[in-house]
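Below is one structure, written out as structure tokens; the observations come after it.
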Amino acid sequence: MIFAGLDIETTGTDPNKNHRLIQIGIAFDLSSGRKINYDVQPIGDINIQAEALGINHFTLARIGAAKLQNEIDNLIAAELTSVGYKHNEIIPVGWNVGGFDMTFIKKELP
């Protein structure tokens, strides 16, 4: 099993209210400092809580300039595969990963 540090930024706190994932960062090789970080442009409807953007300092322009979420999904999968990681071998760790981050990731980046 491999532990991967994980953090996301979102447009709000509830994925069921069209709050969306707008950034993902993964540190997956702590010995070498290898990490990936992508801004994400959601596909479809997006609901924004002003407080969320105030915290993460994103703007609509920054969100609109990001790569589309399906591109990001493919980039992350390719990056992890290139170093030999398999889906079921990675254990995501971080603050509130299970209760918050993974709900957005499962919905946005299947």
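Residues are named by chain letter and number: chains run A, B, ... in the order of the structure tokens, numbers start at 1 in each chain, and ligands are numbered from 1 in the order shown.
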Need to verify the contact set: segment 58-60 of chain A, 12 Å, only C-alpha atoms, exclusion of same-chain residues closer than 5 positions in sequence. Can you return it as a PyMOL selection string? chain A and resi 9-12+21-23+39-42+46-53+65-66
Write out as an MDAnalysis selection string all residues of chain A that DSSP puts in strand (DSSP E) for this structure's backbone. chainID A and resid 2:10 21:29 34:41 67:68 90:93
For Ile90 of chain A, work out the shell of residues within 7 Å, counting only C-alpha atoms and skipping chain neighbours fewer than 5 positions away, then give it as a PyMOL selection string. chain A and resi 1-4
Keeping only all heavy atoms, write those residues as a PDB file, in the first residue's frame.
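Output file out_33.pdb follows:
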ATOM      1  N   MET A   1       0.830  -1.185   0.000  1.00  0.00           N
ATOM      2  CA  MET A   1       0.000   0.000   0.000  1.00  0.00           C
ATOM      3  C   MET A   1       0.877   1.252   0.000  1.00  0.00           C
ATOM      4  O   MET A   1       1.932   1.265   0.618  1.00  0.00           O
ATOM      5  CB  MET A   1      -0.908   0.024   1.225  1.00  0.00           C
ATOM      6  CG  MET A   1      -1.992  -1.011   1.221  1.00  0.00           C
ATOM      7  SD  MET A   1      -3.186  -0.620  -0.052  1.00  0.00           S
ATOM      8  CE  MET A   1      -3.928  -2.176  -0.273  1.00  0.00           C
ATOM      9  N   ILE A   2       0.402   2.260  -0.663  1.00  0.00           N
ATOM     10  CA  ILE A   2       1.129   3.518  -0.777  1.00  0.00           C
ATOM     11  C   ILE A   2       0.256   4.635  -0.224  1.00  0.00           C
ATOM     12  O   ILE A   2      -0.909   4.772  -0.600  1.00  0.00           O
ATOM     13  CB  ILE A   2       1.463   3.798  -2.254  1.00  0.00           C
ATOM     14  CG1 ILE A   2       2.354   2.677  -2.795  1.00  0.00           C
ATOM     15  CG2 ILE A   2       2.120   5.152  -2.408  1.00  0.00           C
ATOM     16  CD1 ILE A   2       2.365   2.582  -4.283  1.00  0.00           C
ATOM     17  N   PHE A   3       0.809   5.435   0.666  1.00  0.00           N
ATOM     18  CA  PHE A   3       0.101   6.585   1.192  1.00  0.00           C
ATOM     19  C   PHE A   3       0.346   7.780   0.282  1.00  0.00           C
ATOM     20  O   PHE A   3       1.478   8.036  -0.111  1.00  0.00           O
ATOM     21  CB  PHE A   3       0.555   6.909   2.615  1.00  0.00           C
ATOM     22  CG  PHE A   3       0.186   5.849   3.599  1.00  0.00           C
ATOM     23  CD1 PHE A   3       1.096   4.889   3.986  1.00  0.00           C
ATOM     24  CD2 PHE A   3      -1.090   5.818   4.135  1.00  0.00           C
ATOM     25  CE1 PHE A   3       0.753   3.902   4.892  1.00  0.00           C
ATOM     26  CE2 PHE A   3      -1.442   4.839   5.044  1.00  0.00           C
ATOM     27  CZ  PHE A   3      -0.526   3.876   5.422  1.00  0.00           C
ATOM     28  N   ALA A   4      -0.708   8.507  -0.046  1.00  0.00           N
ATOM     29  CA  ALA A   4      -0.600   9.698  -0.885  1.00  0.00           C
ATOM     30  C   ALA A   4      -1.273  10.862  -0.183  1.00  0.00           C
ATOM     31  O   ALA A   4      -2.447  10.783   0.185  1.00  0.00           O
ATOM     32  CB  ALA A   4      -1.263   9.455  -2.247  1.00  0.00           C
TER      33      ALA A   4
END
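Coordinates place atom CA of Asp7 of chain A at a distance of 5.9 Å from atom CA of Ile24 of chain A.
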Between atom CA of Lys86 of chain A and atom CA of Pro110 of chain A, measure the distance and give it in Å to one decimal.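 Calculated distance between atom CA of Lys86 of chain A and atom CA of Pro110 of chain A is 14.3 Å.
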Shortest contact to Gly94 of chain A, candidates A:Lys107, A:Asn37, A:Gly5, A:Ala27, atoms counted only C-alpha atoms, goes to A:Gly5
Please list as a list in words every residue within 12 Å of segment 77-83 of chain A, counting only C-alpha atoms and excluding residues in the same chain fewer than 2 positions away. Ile2, Ala4, Ile26, Ala27, Phe28, Asp29, Arg34, Lys35, Ile36, Asn37, Asn70, Glu71, Ile72, Asp73, Asn74, Leu75, Tyr85, Lys86, His87, Asn88, Glu89, Ile90, Leu109 and Pro110 of chain A
What are the DSSP helix (DSSP H, G or I) residues of segment 1-106 of chain A, as a PyMOL selection string? chain A and resi 15-17+50-56+60-65+69-82+87-89+97-106
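Between atom CA of Tyr38 of chain A and atom CA of Asp14 of chain A the interatomic distance comes to 20.7 Å.
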